[in-house]
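> Just dropping this structure here.
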Amino acid sequence: MPGAGHRGAARARWLGTGLLGLFLVPVSLSLEVSVGKAATIYAVNGTEILLPCTFTSCFGFQNLRFWWSYNSSDTFKILIDGIVKNEKSDPKVKLKDDDRITLEGSVKEKMNNISILLRNLEFSDTGKYTCHVKNPKENYLQHQATIFLQVVDKLEEVDNTVTLIILAVVGGVIGFLIFILLVKKFIAFIIKKTQEKKKECLVSSSGNDNTENGLPGSKAEEKAPKKV
């Protein structure tokens, strides 16, 4: 039956795809490389800058290789190349292209830090810096993360005037609303107390003997008529 054969082939393909996915998913998620949340960092010409890079591995690592590359519009080069023997060994540099670069890496407290410090910055240092990691325990799959460095003459001061104005307006509105709410509660309290006093006065008046005042509706003591 051709229909049964077709269904069997389809199930086999799905099964093969599922097994391949189960094999690839843990490998793809096992090693992660991060250079921080900022995609671009700025530094002043002549100063120094730390280019951050950390990695995590669920499978552990051994003889893990790492390297930093620099890429601009007209230049590509490997800045530093090193190895991390195991989880208890600090990163070691095997090759360094620029004496201005220092490895600031460490595996202490499981940070797995392979950041580099670049000193005496020049405008030509502007470009993309990529941190590469390759773990033999994970079939030598390469993982990487890139950060862009912009070397400037001076850092621009951020004008927070608009932000401060907005915060002041919002704060003023909130304060005014709170004031209105307090006044409203105070007025309600005064009205409540006034009503309570009126009720006490009415109750007190209804219980008094008004005979001597000659008020209508008052009770009078009836005297017996005198006998002639």
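Residues in the structure tokens are numbered from 1 in each chain, the chains being A, B, ... in the order shown, and ligands are numbered from 1 in the order shown.
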Need to verify the contact set: Lys108 (chain A), 12 Å, only C-alpha atoms, exclusion of same-chain residues closer than 6 positions in sequence. Can you return it as an MDAnalysis selection string?

chainID A and resid 54 86:91 114

> Would you save the residues of that selection, restricted to N, CA, C and O atoms, as a tab-separated table (two decimals), in the first residue's frame?


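File written: out24.tsv
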```tsv
chain	number	residue	atom	x	y	z
A	54	THR	N	32.99	37.32	29.35
A	54	THR	CA	32.86	36.18	30.24
A	54	THR	C	32.18	35.05	29.50
A	54	THR	O	31.49	35.28	28.50
A	86	ASN	N	41.65	24.30	32.74
A	86	ASN	CA	40.47	23.70	33.36
A	86	ASN	C	39.79	24.73	34.25
A	86	ASN	O	40.19	25.90	34.27
A	87	GLU	N	38.79	24.30	34.99
A	87	GLU	CA	37.98	25.22	35.78
A	87	GLU	C	38.71	25.78	36.99
A	87	GLU	O	38.21	26.69	37.65
A	88	LYS	N	39.87	25.22	37.31
A	88	LYS	CA	40.65	25.71	38.45
A	88	LYS	C	41.90	26.48	38.03
A	88	LYS	O	42.66	26.94	38.89
A	89	SER	N	42.09	26.64	36.73
A	89	SER	CA	43.28	27.32	36.23
A	89	SER	C	42.91	28.66	35.62
A	89	SER	O	41.92	28.77	34.89
A	90	ASP	N	43.69	29.70	35.91
A	90	ASP	CA	43.46	31.01	35.31
A	90	ASP	C	43.87	31.00	33.85
A	90	ASP	O	44.73	30.21	33.43
A	91	PRO	N	43.27	31.85	33.05
A	91	PRO	CA	43.61	31.92	31.63
A	91	PRO	C	45.09	32.27	31.41
A	91	PRO	O	45.66	33.08	32.16
A	114	ILE	N	37.54	36.53	30.78
A	114	ILE	CA	38.66	36.63	29.83
A	114	ILE	C	38.66	38.03	29.20
A	114	ILE	O	38.89	38.20	28.00
```

> Applying 12 Å and only C-alpha atoms, which residues near Ser30 (chain A) remain after dropping the ones on its own chain fewer than 5 positions away? List them as a list in words.

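The neighbour list is Phe23, Leu24, Val25, Phe55, Thr56, Ser57, Cys58, Phe59, Gly60, Phe61, Lys134, Asn135, Lys137, Glu138, Asn139, Tyr140, Leu141, Gln142 and His143 of chain A.
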
> What are the DSSP strand (DSSP E) residues of region 18-90 of chain A, as a CSV table (one decimal) with all heavy atoms, in the first residue's frame?


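That gives us states-v3.csv:
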```csv
chain,number,residue,atom,x,y,z
A,31,LEU,N,27.4,26.5,25.9
A,31,LEU,CA,28.4,27.5,26.1
A,31,LEU,C,27.9,28.8,25.7
A,31,LEU,O,27.3,29.0,24.6
A,31,LEU,CB,29.7,27.2,25.3
A,31,LEU,CG,30.9,28.1,25.4
A,31,LEU,CD1,31.4,28.1,26.8
A,31,LEU,CD2,32.0,27.7,24.5
A,32,GLU,N,28.0,29.8,26.5
A,32,GLU,CA,27.5,31.2,26.2
A,32,GLU,C,28.7,32.2,26.5
A,32,GLU,O,29.4,32.1,27.4
A,32,GLU,CB,26.3,31.6,27.0
A,32,GLU,CG,25.1,30.7,26.7
A,32,GLU,CD,23.8,31.2,27.5
A,32,GLU,OE1,24.0,32.2,28.2
A,32,GLU,OE2,22.8,30.6,27.3
A,33,VAL,N,28.8,33.1,25.6
A,33,VAL,CA,29.8,34.2,25.7
A,33,VAL,C,29.1,35.5,25.8
A,33,VAL,O,28.2,35.8,25.0
A,33,VAL,CB,30.8,34.2,24.5
A,33,VAL,CG1,31.9,35.2,24.6
A,33,VAL,CG2,31.4,32.8,24.3
A,34,SER,N,29.6,36.4,26.7
A,34,SER,CA,28.9,37.7,26.9
A,34,SER,C,30.0,38.8,27.0
A,34,SER,O,31.0,38.6,27.6
A,34,SER,CB,28.1,37.7,28.1
A,34,SER,OG,27.6,38.9,28.4
A,40,THR,N,27.8,49.3,22.3
A,40,THR,CA,28.8,50.3,22.0
A,40,THR,C,29.3,50.9,23.3
A,40,THR,O,28.5,51.3,24.2
A,40,THR,CB,28.4,51.4,21.0
A,40,THR,OG1,27.9,50.8,19.8
A,40,THR,CG2,29.5,52.3,20.7
A,41,ILE,N,30.7,51.0,23.4
A,41,ILE,CA,31.2,51.7,24.6
A,41,ILE,C,32.1,52.8,24.0
A,41,ILE,O,32.7,52.7,22.9
A,41,ILE,CB,32.0,50.8,25.5
A,41,ILE,CG1,33.1,50.0,24.7
A,41,ILE,CG2,31.1,49.8,26.2
A,41,ILE,CD1,34.0,49.2,25.6
A,42,TYR,N,32.3,53.9,24.8
A,42,TYR,CA,33.1,55.1,24.4
A,42,TYR,C,34.2,55.3,25.4
A,42,TYR,O,34.1,55.0,26.6
A,42,TYR,CB,32.2,56.3,24.4
A,42,TYR,CG,31.0,56.3,23.4
A,42,TYR,CD1,29.8,55.7,23.8
A,42,TYR,CD2,31.1,56.8,22.1
A,42,TYR,CE1,28.8,55.6,22.9
A,42,TYR,CE2,30.1,56.7,21.2
A,42,TYR,CZ,28.9,56.1,21.6
A,42,TYR,OH,27.9,56.0,20.7
A,43,ALA,N,35.3,55.7,24.8
A,43,ALA,CA,36.5,55.9,25.6
A,43,ALA,C,37.3,57.1,25.1
A,43,ALA,O,37.3,57.4,23.8
A,43,ALA,CB,37.4,54.7,25.7
A,44,VAL,N,38.0,57.9,25.9
A,44,VAL,CA,38.7,59.1,25.5
A,44,VAL,C,40.1,58.7,25.0
A,44,VAL,O,40.7,57.8,25.5
A,44,VAL,CB,38.8,60.1,26.7
A,44,VAL,CG1,39.6,61.3,26.2
A,44,VAL,CG2,37.4,60.5,27.1
A,49,ILE,N,40.7,51.3,28.5
A,49,ILE,CA,39.4,50.8,28.5
A,49,ILE,C,39.4,49.3,28.7
A,49,ILE,O,40.3,48.6,28.2
A,49,ILE,CB,38.6,51.1,27.2
A,49,ILE,CG1,37.1,50.8,27.3
A,49,ILE,CG2,39.3,50.5,26.0
A,49,ILE,CD1,36.4,51.6,28.3
A,50,LEU,N,38.5,48.8,29.5
A,50,LEU,CA,38.4,47.4,29.8
A,50,LEU,C,37.3,46.9,28.8
A,50,LEU,O,36.2,47.3,28.8
A,50,LEU,CB,38.0,47.1,31.2
A,50,LEU,CG,37.8,45.6,31.6
A,50,LEU,CD1,39.2,44.9,31.6
A,50,LEU,CD2,37.1,45.5,32.9
A,51,LEU,N,37.7,45.9,28.0
A,51,LEU,CA,36.8,45.2,27.1
A,51,LEU,C,36.3,43.9,27.8
A,51,LEU,O,37.1,43.0,27.9
A,51,LEU,CB,37.4,44.9,25.8
A,51,LEU,CG,38.0,46.2,25.0
A,51,LEU,CD1,38.7,45.7,23.7
A,51,LEU,CD2,36.9,47.1,24.7
A,54,THR,N,33.0,37.3,29.3
A,54,THR,CA,32.9,36.2,30.2
A,54,THR,C,32.2,35.0,29.5
A,54,THR,O,31.5,35.3,28.5
A,54,THR,CB,32.0,36.5,31.5
A,54,THR,OG1,30.7,37.0,31.1
A,54,THR,CG2,32.7,37.6,32.3
A,55,PHE,N,32.4,33.8,30.0
A,55,PHE,CA,31.7,32.7,29.3
A,55,PHE,C,31.2,31.8,30.4
A,55,PHE,O,31.7,31.7,31.5
A,55,PHE,CB,32.7,32.0,28.4
A,55,PHE,CG,33.8,31.3,29.1
A,55,PHE,CD1,33.7,30.0,29.5
A,55,PHE,CD2,35.0,32.0,29.3
A,55,PHE,CE1,34.8,29.3,30.2
A,55,PHE,CE2,36.1,31.3,29.9
A,55,PHE,CZ,36.0,30.0,30.4
A,56,THR,N,30.2,31.0,30.1
A,56,THR,CA,29.6,30.0,30.9
A,56,THR,C,29.5,28.7,30.2
A,56,THR,O,29.2,28.7,29.0
A,56,THR,CB,28.2,30.4,31.5
A,56,THR,OG1,27.4,30.7,30.4
A,56,THR,CG2,28.3,31.6,32.3
A,57,SER,N,29.7,27.6,30.8
A,57,SER,CA,29.5,26.3,30.2
A,57,SER,C,28.9,25.3,31.1
A,57,SER,O,29.3,25.1,32.3
A,57,SER,CB,30.9,25.7,29.8
A,57,SER,OG,30.8,24.4,29.3
A,64,LEU,N,40.3,24.9,27.1
A,64,LEU,CA,39.4,25.8,26.3
A,64,LEU,C,40.2,26.9,25.7
A,64,LEU,O,41.1,27.6,26.3
A,64,LEU,CB,38.4,26.4,27.3
A,64,LEU,CG,37.4,27.4,26.7
A,64,LEU,CD1,36.0,27.2,27.3
A,64,LEU,CD2,37.8,28.9,26.9
A,65,ARG,N,40.0,27.2,24.4
A,65,ARG,CA,40.8,28.2,23.7
A,65,ARG,C,39.9,29.5,23.6
A,65,ARG,O,38.7,29.4,23.3
A,65,ARG,CB,41.2,27.7,22.3
A,65,ARG,CG,42.1,28.7,21.6
A,65,ARG,CD,42.1,28.4,20.1
A,65,ARG,NE,42.7,29.5,19.4
A,65,ARG,CZ,42.6,29.7,18.0
A,65,ARG,NH1,41.9,28.8,17.3
A,65,ARG,NH2,43.2,30.7,17.5
A,66,PHE,N,40.6,30.6,23.8
A,66,PHE,CA,39.9,31.9,23.6
A,66,PHE,C,40.8,32.8,22.8
A,66,PHE,O,42.0,32.7,22.9
A,66,PHE,CB,39.5,32.5,24.9
A,66,PHE,CG,40.7,32.9,25.8
A,66,PHE,CD1,41.1,34.3,25.7
A,66,PHE,CD2,41.3,32.1,26.6
A,66,PHE,CE1,42.2,34.7,26.5
A,66,PHE,CE2,42.4,32.5,27.4
A,66,PHE,CZ,42.8,33.8,27.3
A,67,TRP,N,40.2,33.8,22.1
A,67,TRP,CA,41.0,34.8,21.5
A,67,TRP,C,40.1,36.0,21.2
A,67,TRP,O,38.9,35.9,21.1
A,67,TRP,CB,41.6,34.3,20.2
A,67,TRP,CG,40.7,33.9,19.1
A,67,TRP,CD1,40.4,34.7,18.0
A,67,TRP,CD2,40.0,32.7,18.9
A,67,TRP,NE1,39.5,34.0,17.1
A,67,TRP,CE2,39.3,32.8,17.7
A,67,TRP,CE3,39.9,31.5,19.7
A,67,TRP,CZ2,38.5,31.8,17.2
A,67,TRP,CZ3,39.1,30.5,19.2
A,67,TRP,CH2,38.4,30.6,18.0
A,68,TRP,N,40.8,37.2,21.1
A,68,TRP,CA,40.1,38.4,20.8
A,68,TRP,C,40.6,38.9,19.4
A,68,TRP,O,41.8,38.8,19.0
A,68,TRP,CB,40.5,39.5,21.7
A,68,TRP,CG,39.7,39.5,23.0
A,68,TRP,CD1,40.0,38.8,24.2
A,68,TRP,CD2,38.6,40.3,23.3
A,68,TRP,NE1,39.1,39.1,25.1
A,68,TRP,CE2,38.2,40.0,24.6
A,68,TRP,CE3,37.8,41.2,22.6
A,68,TRP,CZ2,37.1,40.6,25.3
A,68,TRP,CZ3,36.7,41.8,23.2
A,68,TRP,CH2,36.3,41.5,24.5
A,69,SER,N,39.6,39.3,18.6
A,69,SER,CA,39.9,39.8,17.2
A,69,SER,C,39.5,41.3,17.1
A,69,SER,O,38.5,41.7,17.8
A,69,SER,CB,39.3,39.0,16.1
A,69,SER,OG,37.9,39.0,16.2
A,70,TYR,N,40.2,42.0,16.3
A,70,TYR,CA,39.8,43.4,16.0
A,70,TYR,C,39.5,43.5,14.5
A,70,TYR,O,40.2,43.0,13.6
A,70,TYR,CB,41.0,44.3,16.4
A,70,TYR,CG,40.9,45.7,15.8
A,70,TYR,CD1,40.0,46.7,16.4
A,70,TYR,CD2,41.6,46.2,14.7
A,70,TYR,CE1,39.9,47.9,15.9
A,70,TYR,CE2,41.5,47.4,14.2
A,70,TYR,CZ,40.6,48.3,14.8
A,70,TYR,OH,40.5,49.6,14.3
A,71,ASN,N,38.4,44.3,14.3
A,71,ASN,CA,37.9,44.4,12.9
A,71,ASN,C,37.5,45.8,12.7
A,71,ASN,O,36.6,46.3,13.4
A,71,ASN,CB,36.8,43.4,12.6
A,71,ASN,CG,36.4,43.4,11.1
A,71,ASN,OD1,37.2,44.0,10.3
A,71,ASN,ND2,35.3,42.9,10.8
A,76,PHE,N,41.9,43.8,9.9
A,76,PHE,CA,41.5,42.6,10.7
A,76,PHE,C,42.7,42.0,11.3
A,76,PHE,O,43.7,41.7,10.6
A,76,PHE,CB,40.7,41.6,9.9
A,76,PHE,CG,40.3,40.4,10.7
A,76,PHE,CD1,39.2,40.4,11.5
A,76,PHE,CD2,41.1,39.2,10.7
A,76,PHE,CE1,38.9,39.3,12.3
A,76,PHE,CE2,40.8,38.1,11.5
A,76,PHE,CZ,39.6,38.2,12.3
A,77,LYS,N,42.7,41.7,12.6
A,77,LYS,CA,43.8,41.1,13.3
A,77,LYS,C,43.4,40.4,14.6
A,77,LYS,O,42.4,40.8,15.2
A,77,LYS,CB,45.0,42.1,13.5
A,77,LYS,CG,44.6,43.3,14.4
A,77,LYS,CD,45.7,44.2,14.6
A,77,LYS,CE,45.3,45.4,15.5
A,77,LYS,NZ,46.4,46.4,15.6
A,78,ILE,N,44.2,39.4,15.0
A,78,ILE,CA,44.0,38.7,16.2
A,78,ILE,C,44.9,39.5,17.3
A,78,ILE,O,46.1,39.6,17.1
A,78,ILE,CB,44.5,37.3,16.2
A,78,ILE,CG1,43.7,36.5,15.1
A,78,ILE,CG2,44.3,36.6,17.5
A,78,ILE,CD1,42.2,36.5,15.3
A,79,LEU,N,44.2,40.0,18.3
A,79,LEU,CA,44.9,40.8,19.3
A,79,LEU,C,45.6,39.9,20.4
A,79,LEU,O,46.7,40.2,20.8
A,79,LEU,CB,43.9,41.7,20.0
A,79,LEU,CG,43.2,42.7,19.1
A,79,LEU,CD1,42.1,43.5,19.9
A,79,LEU,CD2,44.2,43.7,18.5
A,80,ILE,N,44.9,38.9,20.8
A,80,ILE,CA,45.4,38.0,21.9
A,80,ILE,C,44.8,36.6,21.7
A,80,ILE,O,43.7,36.5,21.3
A,80,ILE,CB,45.1,38.6,23.2
A,80,ILE,CG1,45.8,37.9,24.4
A,80,ILE,CG2,43.6,38.6,23.5
A,80,ILE,CD1,45.7,38.6,25.7
A,81,ASP,N,45.6,35.6,22.0
A,81,ASP,CA,45.2,34.2,21.9
A,81,ASP,C,45.7,33.5,23.2
A,81,ASP,O,46.8,33.7,23.6
A,81,ASP,CB,45.8,33.6,20.7
A,81,ASP,CG,45.1,32.3,20.3
A,81,ASP,OD1,44.6,31.6,21.2
A,81,ASP,OD2,45.1,31.9,19.1
A,82,GLY,N,44.8,32.7,23.8
A,82,GLY,CA,45.1,32.1,25.0
A,82,GLY,C,44.4,30.8,25.3
A,82,GLY,O,43.6,30.3,24.4
A,83,ILE,N,44.6,30.2,26.4
A,83,ILE,CA,43.9,28.9,26.8
A,83,ILE,C,43.6,28.9,28.3
A,83,ILE,O,44.3,29.5,29.1
A,83,ILE,CB,44.9,27.8,26.4
A,83,ILE,CG1,44.2,26.4,26.6
A,83,ILE,CG2,46.1,27.8,27.3
A,83,ILE,CD1,45.0,25.3,26.0
A,84,VAL,N,42.5,28.2,28.6
A,84,VAL,CA,42.2,28.0,30.0
A,84,VAL,C,42.2,26.4,30.1
A,84,VAL,O,41.4,25.7,29.6
A,84,VAL,CB,40.8,28.5,30.3
A,84,VAL,CG1,40.5,28.4,31.8
A,84,VAL,CG2,40.7,30.0,29.9
```

> In Å, with one decimal, what is the gap from CA of Ser106 (chain A) to CA of Ala39 (chain A)?

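Distance between the two atoms: 23.1 Å.
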
> Between CA of His132 (chain A) and CA of Val35 (chain A), what is the distance in Å, rounded to a tenth?

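Interatomic distance here is 10.6 Å.
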
> Excluding Ser72 (chain A) and residues on its chain fewer than 4 positions from it, collect all residues at most 12 Å away from it, counting only C-alpha atoms, and give them as a PyMOL selection string.

chain A and resi 76-77+123-130+148-150

> Using only C-alpha atoms, pick whichever of A:Val169, A:Val152, A:Leu177, A:Val162 has the shortest atom-to-atom distance to Glu122 (chain A).

A:Val152

> Among region 34-202 of chain A, which ones does DSSP assign to alpha helix (DSSP H) (computed from the backbone)? Answer as a VMD selection string.

chain A and resid 161 to 202
